[in-house]
Amino acid sequence: MNFDFGLIANSVPKIALGAGLTLQLLFISLVLGTLIGVGVVLMRISGNRLLAWPAFAYTYVLRGTPMLVQVFLIYYGLSQFEAVRNGPLWPILREPYWCAIIALSLNCGAYTAEILRGGIQGVDGGLHEAGRALGLSPSQRFIHVTAPIAVRLALPAYGNEIISLLKGTALVSMITMSDITGVARNIVAKTFAPYEIFIAAAIVYLSITWVIQLGLRAAEHRFSRYIKK
Amino acid sequence: MAETPPVPIIKIEKVSKFFGAFQALKDCSLSIAKGQKVVVCGPSGSGKSTLIRCVNRLEEHDGGRITVNGIELTRDMANISAVQREVGMVFQQFNLFPHLTVVENLMLAPRLVRKLPKPEARELALHYLARVRIPEQADKYPIQLSGGQQQRVAIARALCMKPQVMLFDEPTSALDPEMIKEVLDVMTDLARDGMTMMVVTHEMGFARSVADNVVFMEAGEIIEMAPPIEFFGAAKSARTKSFLQQILTH
């Protein structure tokens with residue numbers, strides 16, 4: 001076959017136009033998902049069954065089903081119910097943009113909760129004892145000892161989650177949105193050159209990942225002052 | 001006037017403790033008067049760490065009574081916090097907060113528990129750092145210090161809460177031999193200043209020179225308690241003698 005480098009070079013800028021939407025989805029879902037994750041992990045470790053159980057169920061369901069299925073369920077599934085169509089949330093739920101944000105945030109929240117839980121469990125039990133022996137209350141121990149150490153321990157896995165969420169945003173092209181993948185699919189429909197166009201899309205994704213990784217490395221560096229000799 | 005017996009600041013009466021079916025403490029009784037220094041020794045698994053950890057409620061005892069400074073340790077959280085404020089503890093593994101600098105480690109509890117303003121907490125911290133002879137390390141992170149320095153920071157951290165009693169749970173067991181002395185020196189200073197101390201350790205030189213009483217434990221029981229001269233010179237129990245032989249012959 002003929003491989004058209006010129007076509008790749010020409011498509012990268014066009015595809016990059018979709019990056020605005022991709023980054024917007026990534027950023028908003030990351031913020032909302034992180035807030036959800038913090039809430040859910042606090043419920044999980046609260047020691048109260050009525051809080052811990054729903055938190056466990058949420059994480060289990062969201063992590064145990066494909067994100068594409070979740071996107072479809074929210075965008076196509078909910079509109080099947082008349083109550084939803086007549087309900088106050090319909091202006092939001094009929095928009096693919098908001099359905100995408102909801103699906104991505106819920107998903108990110110479930111993973112973030114598990115990542116933070118791992119971080120919290122990784123904190124040395126001796127530090128809890130030291131806090132207790134000094135007379136710190138459970139909430140003081142959590143805020144001043146456990147949480148900052150847990151966040152540092154969770155950082156590499158959380159960075160992974162950001163990159164994974166970036167790639168997850170590609171699914172929104174399945175519900176009519178013109179993100180990077182969506183734009184690429186439109187161009188393919190016109191040019192019939194899937195190979196070149198999707199390579200161009202891959203290049204755009206890789207560039208974004210590269211920038212994110214730089215940021216993560218800086219963050220890890222900053223949070224690791226106390227680990228380096 | 002007749003001499004009144006000193007009021008014990010720590011009173012342990014017939015305390016027992018179970019871990020599942022295993023009995024870690026059996027009817028242990030021990031009184032420590034204000035200003036006294038008591039060294040607890042015994043083979044590993046004898047319950048000495050468990051006993052000391054019951055005194056500030058890191059472990060909950062199952063039977064008997066523990067009273068610290070007149071406050072009985074019960075499930076009452078207010079009592080537990082009151083006791084924890086009076087009792088400082090030093091751990092085998094130091095347990096310094098790794099994400100805080102040395103001075104921040106010392107300032108944390110005074111600021112949060114005693115509500116000291118930041119400048120006063122810092123002043124207090126620097127005072128105790130000077131007392132453990134490492135004022136120059138204030139702004140380093142724990143990992144940048146040697147084991148002996150870390151343990152001295154841990155002692156200073158406990159002292160910043162101005163406790164009435166200090167507990168030491170094998171404070172030199174995790175240290176390289178050349179660092180043991182600097183920690184024992186700080187502990188000896190503290191003893192000279194009149195601090196009430198309960199120390200789990202195998203450092204028999206420290207016991208001889210500092211302790212008012214030495215306690216020997218085995219299999220969860222207090223076998224013998226005597227002043228050091230008597231304890232090392234003329235132990236009554238055969239088990240104490242054989243333990244001392246094992247640790248003193250080399």
# chains A, B, ... in the order shown; residues from 1 in each chain; ligands from 1

$ select_by_dssp --residues "range 124-177 of chain B" --states "strand (DSSP E)" --output "PyMOL selection string"
chain B and resi 165-169

$ write_last_selection --atoms "N, CA and C atoms" --output "compact mmCIF listing (two decimals), in the first residue's frame"
# COMPACT_ATOMS: atom_id res chain seq x y z
N VAL B 165 5.34 11.32 82.68
CA VAL B 165 5.96 10.00 82.64
C VAL B 165 6.46 9.76 81.23
N MET B 166 7.64 9.11 81.12
CA MET B 166 8.11 8.72 79.79
C MET B 166 8.21 7.20 79.73
N LEU B 167 7.66 6.64 78.66
CA LEU B 167 7.77 5.20 78.42
C LEU B 167 8.76 4.99 77.27
N PHE B 168 9.63 4.03 77.42
CA PHE B 168 10.59 3.69 76.36
C PHE B 168 10.43 2.22 76.03
N ASP B 169 10.05 1.93 74.78
CA ASP B 169 9.86 0.53 74.37
C ASP B 169 11.05 0.11 73.52

$ interface_residues --of "chain A" --to "chain B" --cutoff "6 Å" --atoms "only C-alpha atoms" --output "VMD selection string"
chain A and resid 126 to 127 133 135 226 229

$ residues_around --residues "range 50-61 of chain A" --least-positions-apart "2" --cutoff "12 Å" --atoms "only C-alpha atoms" --output "ChimeraX atom specification"
/A:36-48,63-67,69-70,106-115,117

$ residues_around --residues "range 27-31 of chain B" --least-positions-apart "2" --cutoff "7 Å" --atoms "only C-alpha atoms" --output "PyMOL selection string"
chain B and resi 8+10-16+25+33+221-222

$ select_by_dssp --residues "range 33-168 of chain B" --states "helix (DSSP H, G or I)" --output "ChimeraX atom specification"
/B:48-55,77-86,102-112,118-131,135-137,142-144,147-159

$ residues_around --residues "range 213-219 of chain A" --least-positions-apart "2" --cutoff "9 Å" --atoms "only C-alpha atoms" --output "count of residues only"
12

$ residues_around --residues "range 179-184 of chain A" --least-positions-apart "6" --cutoff "12 Å" --atoms "only C-alpha atoms" --output "compact mmCIF listing (two decimals) with all heavy atoms, in the first residue's frame"
# COMPACT_ATOMS: atom_id res chain seq x y z
N ILE A 8 -0.50 12.57 6.92
CA ILE A 8 -0.36 12.59 8.38
C ILE A 8 -0.04 14.00 8.83
O ILE A 8 -0.69 14.55 9.72
CB ILE A 8 0.77 11.63 8.84
CG1 ILE A 8 0.39 10.19 8.53
CG2 ILE A 8 1.03 11.81 10.34
CD1 ILE A 8 1.43 9.18 8.93
N SER A 11 -2.99 16.22 8.62
CA SER A 11 -4.13 15.94 9.50
C SER A 11 -3.86 16.28 10.95
O SER A 11 -4.80 16.54 11.68
CB SER A 11 -4.52 14.46 9.43
OG SER A 11 -4.26 13.93 8.19
N VAL A 12 -2.57 16.25 11.35
CA VAL A 12 -2.30 16.50 12.76
C VAL A 12 -2.92 17.82 13.24
O VAL A 12 -3.62 17.82 14.25
CB VAL A 12 -0.78 16.43 13.05
CG1 VAL A 12 -0.47 17.04 14.42
CG2 VAL A 12 -0.31 14.99 13.01
N PRO A 13 -2.72 18.94 12.51
CA PRO A 13 -3.33 20.19 13.01
C PRO A 13 -4.86 20.13 13.06
O PRO A 13 -5.46 20.64 14.00
CB PRO A 13 -2.89 21.23 11.98
CG PRO A 13 -1.80 20.61 11.20
CD PRO A 13 -1.95 19.14 11.28
N LYS A 14 -5.48 19.48 12.07
CA LYS A 14 -6.94 19.38 12.06
C LYS A 14 -7.42 18.57 13.26
O LYS A 14 -8.38 18.93 13.94
CB LYS A 14 -7.43 18.68 10.77
CG LYS A 14 -7.38 19.57 9.55
CD LYS A 14 -7.97 18.83 8.36
CE LYS A 14 -7.35 19.35 7.06
NZ LYS A 14 -7.38 18.33 5.99
N ILE A 15 -6.72 17.45 13.49
CA ILE A 15 -7.12 16.58 14.60
C ILE A 15 -6.88 17.27 15.93
O ILE A 15 -7.65 17.13 16.87
CB ILE A 15 -6.36 15.24 14.51
CG1 ILE A 15 -6.89 14.46 13.31
CG2 ILE A 15 -6.54 14.42 15.78
CD1 ILE A 15 -6.09 13.24 12.98
N ALA A 16 -5.81 18.06 15.94
CA ALA A 16 -5.48 18.76 17.19
C ALA A 16 -6.59 19.71 17.59
O ALA A 16 -6.73 20.05 18.77
CB ALA A 16 -4.15 19.50 17.04
N LEU A 17 -7.43 20.12 16.61
CA LEU A 17 -8.57 20.97 16.96
C LEU A 17 -9.52 20.26 17.93
O LEU A 17 -10.19 20.88 18.75
CB LEU A 17 -9.35 21.38 15.70
CG LEU A 17 -8.63 22.38 14.79
CD1 LEU A 17 -9.48 22.66 13.55
CD2 LEU A 17 -8.36 23.67 15.55
N GLY A 18 -9.55 18.93 17.82
CA GLY A 18 -10.39 18.15 18.75
C GLY A 18 -9.80 18.07 20.14
O GLY A 18 -10.47 17.68 21.09
N ALA A 19 -8.51 18.44 20.23
CA ALA A 19 -7.84 18.31 21.53
C ALA A 19 -8.46 19.23 22.57
O ALA A 19 -8.46 18.91 23.77
CB ALA A 19 -6.35 18.60 21.39
N GLY A 20 -9.02 20.35 22.13
CA GLY A 20 -9.66 21.26 23.08
C GLY A 20 -10.75 20.55 23.86
O GLY A 20 -10.79 20.60 25.09
N LEU A 21 -11.60 19.85 23.11
CA LEU A 21 -12.70 19.13 23.76
C LEU A 21 -12.15 17.99 24.64
O LEU A 21 -12.58 17.79 25.77
CB LEU A 21 -13.66 18.58 22.70
CG LEU A 21 -14.85 17.80 23.25
CD1 LEU A 21 -15.70 18.69 24.15
CD2 LEU A 21 -15.69 17.23 22.12
N THR A 22 -11.17 17.27 24.08
CA THR A 22 -10.58 16.16 24.85
C THR A 22 -10.03 16.65 26.18
O THR A 22 -10.30 16.08 27.24
CB THR A 22 -9.45 15.50 24.02
OG1 THR A 22 -10.04 14.88 22.88
CG2 THR A 22 -8.70 14.45 24.83
N LEU A 23 -9.28 17.76 26.13
CA LEU A 23 -8.66 18.28 27.36
C LEU A 23 -9.71 18.80 28.34
O LEU A 23 -9.58 18.63 29.55
CB LEU A 23 -7.66 19.39 27.02
CG LEU A 23 -6.38 18.90 26.33
CD1 LEU A 23 -5.53 20.07 25.89
CD2 LEU A 23 -5.59 17.99 27.27
N GLN A 24 -10.76 19.41 27.77
CA GLN A 24 -11.83 19.91 28.62
C GLN A 24 -12.50 18.74 29.37
O GLN A 24 -12.72 18.80 30.58
CB GLN A 24 -12.86 20.58 27.72
CG GLN A 24 -13.55 21.76 28.33
CD GLN A 24 -14.50 22.37 27.33
OE1 GLN A 24 -15.63 21.93 27.18
NE2 GLN A 24 -14.01 23.36 26.59
N LEU A 25 -12.82 17.69 28.63
CA LEU A 25 -13.43 16.51 29.26
C LEU A 25 -12.50 15.92 30.30
O LEU A 25 -12.92 15.56 31.40
CB LEU A 25 -13.75 15.45 28.19
CG LEU A 25 -14.87 15.77 27.20
CD1 LEU A 25 -14.92 14.70 26.11
CD2 LEU A 25 -16.21 15.88 27.91
N LEU A 26 -11.22 15.83 29.95
CA LEU A 26 -10.24 15.25 30.87
C LEU A 26 -10.18 16.07 32.15
O LEU A 26 -10.28 15.53 33.26
CB LEU A 26 -8.85 15.22 30.20
CG LEU A 26 -7.69 14.81 31.11
CD1 LEU A 26 -7.84 13.35 31.52
CD2 LEU A 26 -6.35 15.00 30.40
N PRO A 96 -24.85 15.08 24.90
CA PRO A 96 -23.76 14.10 24.96
C PRO A 96 -22.59 14.60 25.80
O PRO A 96 -21.93 13.83 26.49
CB PRO A 96 -23.34 13.94 23.49
CG PRO A 96 -24.03 14.99 22.73
CD PRO A 96 -25.21 15.44 23.52
N TYR A 97 -22.35 15.93 25.77
CA TYR A 97 -21.24 16.50 26.53
C TYR A 97 -21.36 16.17 28.01
O TYR A 97 -20.42 15.64 28.63
CB TYR A 97 -21.24 18.02 26.34
CG TYR A 97 -20.12 18.75 27.07
CD1 TYR A 97 -18.84 18.79 26.53
CD2 TYR A 97 -20.37 19.39 28.27
CE1 TYR A 97 -17.82 19.46 27.19
CE2 TYR A 97 -19.35 20.07 28.95
CZ TYR A 97 -18.08 20.10 28.40
OH TYR A 97 -17.08 20.76 29.05
N ALA A 100 -21.08 12.48 28.79
CA ALA A 100 -19.68 12.07 28.78
C ALA A 100 -19.01 12.45 30.10
O ALA A 100 -18.30 11.64 30.71
CB ALA A 100 -18.96 12.72 27.61
N LEU A 166 -7.39 10.05 30.09
CA LEU A 166 -7.20 10.73 28.81
C LEU A 166 -7.61 9.80 27.67
O LEU A 166 -8.34 10.18 26.76
CB LEU A 166 -5.73 11.14 28.65
CG LEU A 166 -5.30 11.55 27.24
CD1 LEU A 166 -5.95 12.87 26.84
CD2 LEU A 166 -3.79 11.66 27.11
N LYS A 167 -7.16 8.55 27.75
CA LYS A 167 -7.49 7.62 26.68
C LYS A 167 -8.96 7.23 26.71
O LYS A 167 -9.58 6.99 25.68
CB LYS A 167 -6.57 6.40 26.78
CG LYS A 167 -5.13 6.81 26.47
CD LYS A 167 -4.16 5.68 26.54
CE LYS A 167 -4.06 5.19 27.97
NZ LYS A 167 -3.02 4.14 28.10
N GLY A 168 -9.51 7.23 27.92
CA GLY A 168 -10.94 6.93 28.07
C GLY A 168 -11.82 7.96 27.37
O GLY A 168 -12.90 7.63 26.88
N THR A 169 -11.31 9.22 27.29
CA THR A 169 -12.14 10.24 26.65
C THR A 169 -12.43 9.91 25.18
O THR A 169 -13.40 10.41 24.62
CB THR A 169 -11.47 11.63 26.69
OG1 THR A 169 -10.21 11.55 26.04
CG2 THR A 169 -11.27 12.12 28.11
N ALA A 170 -11.60 9.07 24.59
CA ALA A 170 -11.82 8.71 23.18
C ALA A 170 -13.19 8.06 22.97
O ALA A 170 -13.77 8.13 21.88
CB ALA A 170 -10.72 7.78 22.70
N LEU A 171 -13.73 7.47 24.01
CA LEU A 171 -15.02 6.78 23.88
C LEU A 171 -16.16 7.73 23.56
O LEU A 171 -17.18 7.32 23.03
CB LEU A 171 -15.34 6.02 25.18
CG LEU A 171 -14.37 4.88 25.52
CD1 LEU A 171 -14.73 4.31 26.87
CD2 LEU A 171 -14.44 3.81 24.45
N VAL A 172 -15.99 9.03 23.89
CA VAL A 172 -17.10 9.95 23.67
C VAL A 172 -17.37 10.15 22.18
O VAL A 172 -18.44 10.62 21.81
CB VAL A 172 -16.88 11.32 24.35
CG1 VAL A 172 -16.58 11.14 25.83
CG2 VAL A 172 -15.76 12.10 23.67
N SER A 173 -16.39 9.78 21.36
CA SER A 173 -16.64 9.88 19.91
C SER A 173 -17.78 8.94 19.51
O SER A 173 -18.38 9.11 18.46
CB SER A 173 -15.37 9.53 19.14
OG SER A 173 -15.05 8.18 19.33
N LYS A 190 -14.13 10.87 5.18
CA LYS A 190 -14.00 11.62 3.93
C LYS A 190 -12.83 11.14 3.07
O LYS A 190 -12.90 11.16 1.86
CB LYS A 190 -13.78 13.12 4.24
CG LYS A 190 -15.05 13.80 4.73
CD LYS A 190 -14.74 15.26 5.08
CE LYS A 190 -15.68 15.75 6.18
NZ LYS A 190 -15.02 16.73 7.05
N THR A 191 -11.72 10.74 3.73
CA THR A 191 -10.50 10.44 2.97
C THR A 191 -10.30 8.95 2.71
O THR A 191 -9.46 8.58 1.90
CB THR A 191 -9.26 10.94 3.72
OG1 THR A 191 -9.25 10.28 5.00
CG2 THR A 191 -9.28 12.44 3.91
N PHE A 192 -11.00 8.10 3.45
CA PHE A 192 -10.79 6.65 3.38
C PHE A 192 -9.34 6.28 3.63
O PHE A 192 -8.78 5.40 2.99
CB PHE A 192 -11.27 6.08 2.03
CG PHE A 192 -12.70 6.41 1.75
CD1 PHE A 192 -13.04 7.38 0.82
CD2 PHE A 192 -13.71 5.77 2.46
CE1 PHE A 192 -14.36 7.71 0.59
CE2 PHE A 192 -15.03 6.10 2.22
CZ PHE A 192 -15.37 7.07 1.28
N ALA A 193 -8.68 7.01 4.53
CA ALA A 193 -7.27 6.70 4.83
C ALA A 193 -7.09 6.46 6.33
O ALA A 193 -6.45 7.26 7.01
CB ALA A 193 -6.37 7.85 4.36
N PRO A 194 -7.70 5.40 6.84
CA PRO A 194 -7.71 5.19 8.30
C PRO A 194 -6.30 5.11 8.89
O PRO A 194 -6.05 5.61 9.98
CB PRO A 194 -8.45 3.87 8.48
CG PRO A 194 -8.39 3.19 7.16
CD PRO A 194 -8.35 4.29 6.14
N TYR A 195 -5.38 4.50 8.15
CA TYR A 195 -4.05 4.28 8.71
C TYR A 195 -3.38 5.60 9.05
O TYR A 195 -3.03 5.86 10.21
CB TYR A 195 -3.22 3.50 7.68
CG TYR A 195 -2.04 2.77 8.27
CD1 TYR A 195 -2.08 2.29 9.58
CD2 TYR A 195 -0.89 2.56 7.51
CE1 TYR A 195 -1.01 1.63 10.11
CE2 TYR A 195 0.19 1.89 8.03
CZ TYR A 195 0.14 1.43 9.35
OH TYR A 195 1.21 0.78 9.86
N GLU A 196 -3.25 6.48 8.07
CA GLU A 196 -2.58 7.75 8.28
C GLU A 196 -3.29 8.61 9.32
O GLU A 196 -2.66 9.22 10.19
CB GLU A 196 -2.48 8.55 6.96
CG GLU A 196 -1.47 8.00 5.98
CD GLU A 196 -2.07 6.93 5.07
OE1 GLU A 196 -3.16 6.42 5.38
OE2 GLU A 196 -1.43 6.60 4.05
N ILE A 197 -4.61 8.66 9.21
CA ILE A 197 -5.37 9.57 10.08
C ILE A 197 -5.28 9.12 11.54
O ILE A 197 -5.06 9.92 12.44
CB ILE A 197 -6.86 9.61 9.64
CG1 ILE A 197 -6.97 10.05 8.18
CG2 ILE A 197 -7.65 10.55 10.56
CD1 ILE A 197 -6.40 11.40 7.88
N PHE A 198 -5.41 7.81 11.76
CA PHE A 198 -5.36 7.36 13.15
C PHE A 198 -3.93 7.45 13.70
O PHE A 198 -3.74 7.65 14.90
CB PHE A 198 -5.95 5.95 13.30
CG PHE A 198 -7.46 5.98 13.27
CD1 PHE A 198 -8.18 5.19 12.38
CD2 PHE A 198 -8.17 6.83 14.13
CE1 PHE A 198 -9.57 5.23 12.35
CE2 PHE A 198 -9.57 6.88 14.10
CZ PHE A 198 -10.27 6.08 13.21
N ILE A 199 -2.94 7.33 12.83
CA ILE A 199 -1.57 7.58 13.30
C ILE A 199 -1.44 9.03 13.73
O ILE A 199 -0.86 9.35 14.78
CB ILE A 199 -0.54 7.22 12.21
CG1 ILE A 199 -0.41 5.69 12.14
CG2 ILE A 199 0.83 7.87 12.51
CD1 ILE A 199 0.58 5.21 11.11
N ALA A 200 -2.04 9.93 12.93
CA ALA A 200 -2.02 11.34 13.30
C ALA A 200 -2.69 11.54 14.66
O ALA A 200 -2.19 12.28 15.52
CB ALA A 200 -2.70 12.18 12.23
N ALA A 201 -3.83 10.86 14.87
CA ALA A 201 -4.53 10.97 16.15
C ALA A 201 -3.64 10.46 17.28
O ALA A 201 -3.54 11.07 18.35
CB ALA A 201 -5.84 10.17 16.11
N ALA A 202 -2.97 9.34 17.01
CA ALA A 202 -2.08 8.77 18.03
C ALA A 202 -0.99 9.76 18.41
O ALA A 202 -0.63 9.90 19.58
CB ALA A 202 -1.47 7.46 17.52
N ILE A 203 -0.47 10.46 17.39
CA ILE A 203 0.59 11.44 17.66
C ILE A 203 0.07 12.55 18.59
O ILE A 203 0.74 12.96 19.53
CB ILE A 203 1.12 12.05 16.33
CG1 ILE A 203 1.90 10.97 15.57
CG2 ILE A 203 2.00 13.28 16.59
CD1 ILE A 203 2.28 11.38 14.16
N VAL A 204 -1.17 12.99 18.33
CA VAL A 204 -1.74 14.04 19.19
C VAL A 204 -1.89 13.52 20.62
O VAL A 204 -1.51 14.20 21.59
CB VAL A 204 -3.09 14.53 18.63
CG1 VAL A 204 -3.71 15.55 19.58
CG2 VAL A 204 -2.90 15.14 17.25
N TYR A 205 -2.42 12.31 20.78
CA TYR A 205 -2.56 11.74 22.14
C TYR A 205 -1.21 11.62 22.83
O TYR A 205 -1.05 11.93 24.00
CB TYR A 205 -3.23 10.35 22.09
CG TYR A 205 -4.74 10.42 21.97
CD1 TYR A 205 -5.38 9.96 20.82
CD2 TYR A 205 -5.53 10.92 23.01
CE1 TYR A 205 -6.77 10.00 20.71
CE2 TYR A 205 -6.91 10.96 22.91
CZ TYR A 205 -7.53 10.50 21.75
OH TYR A 205 -8.88 10.55 21.64
N LEU A 206 -0.22 11.12 22.07
CA LEU A 206 1.11 10.94 22.67
C LEU A 206 1.69 12.26 23.16
O LEU A 206 2.32 12.31 24.21
CB LEU A 206 2.07 10.29 21.66
CG LEU A 206 1.92 8.78 21.51
CD1 LEU A 206 2.80 8.28 20.37
CD2 LEU A 206 2.31 8.08 22.82
N ILE A 208 0.03 14.86 24.22
CA ILE A 208 -0.65 15.26 25.47
C ILE A 208 -0.10 14.42 26.63
O ILE A 208 0.21 14.95 27.71
CB ILE A 208 -2.17 15.08 25.34
CG1 ILE A 208 -2.71 16.01 24.24
CG2 ILE A 208 -2.86 15.39 26.66
CD1 ILE A 208 -4.19 15.83 23.96

$ residues_around --residues "Met198 in chain B" --least-positions-apart "4" --cutoff "6 Å" --atoms "only C-alpha atoms" --output "ChimeraX atom specification"
/B:37-39,167
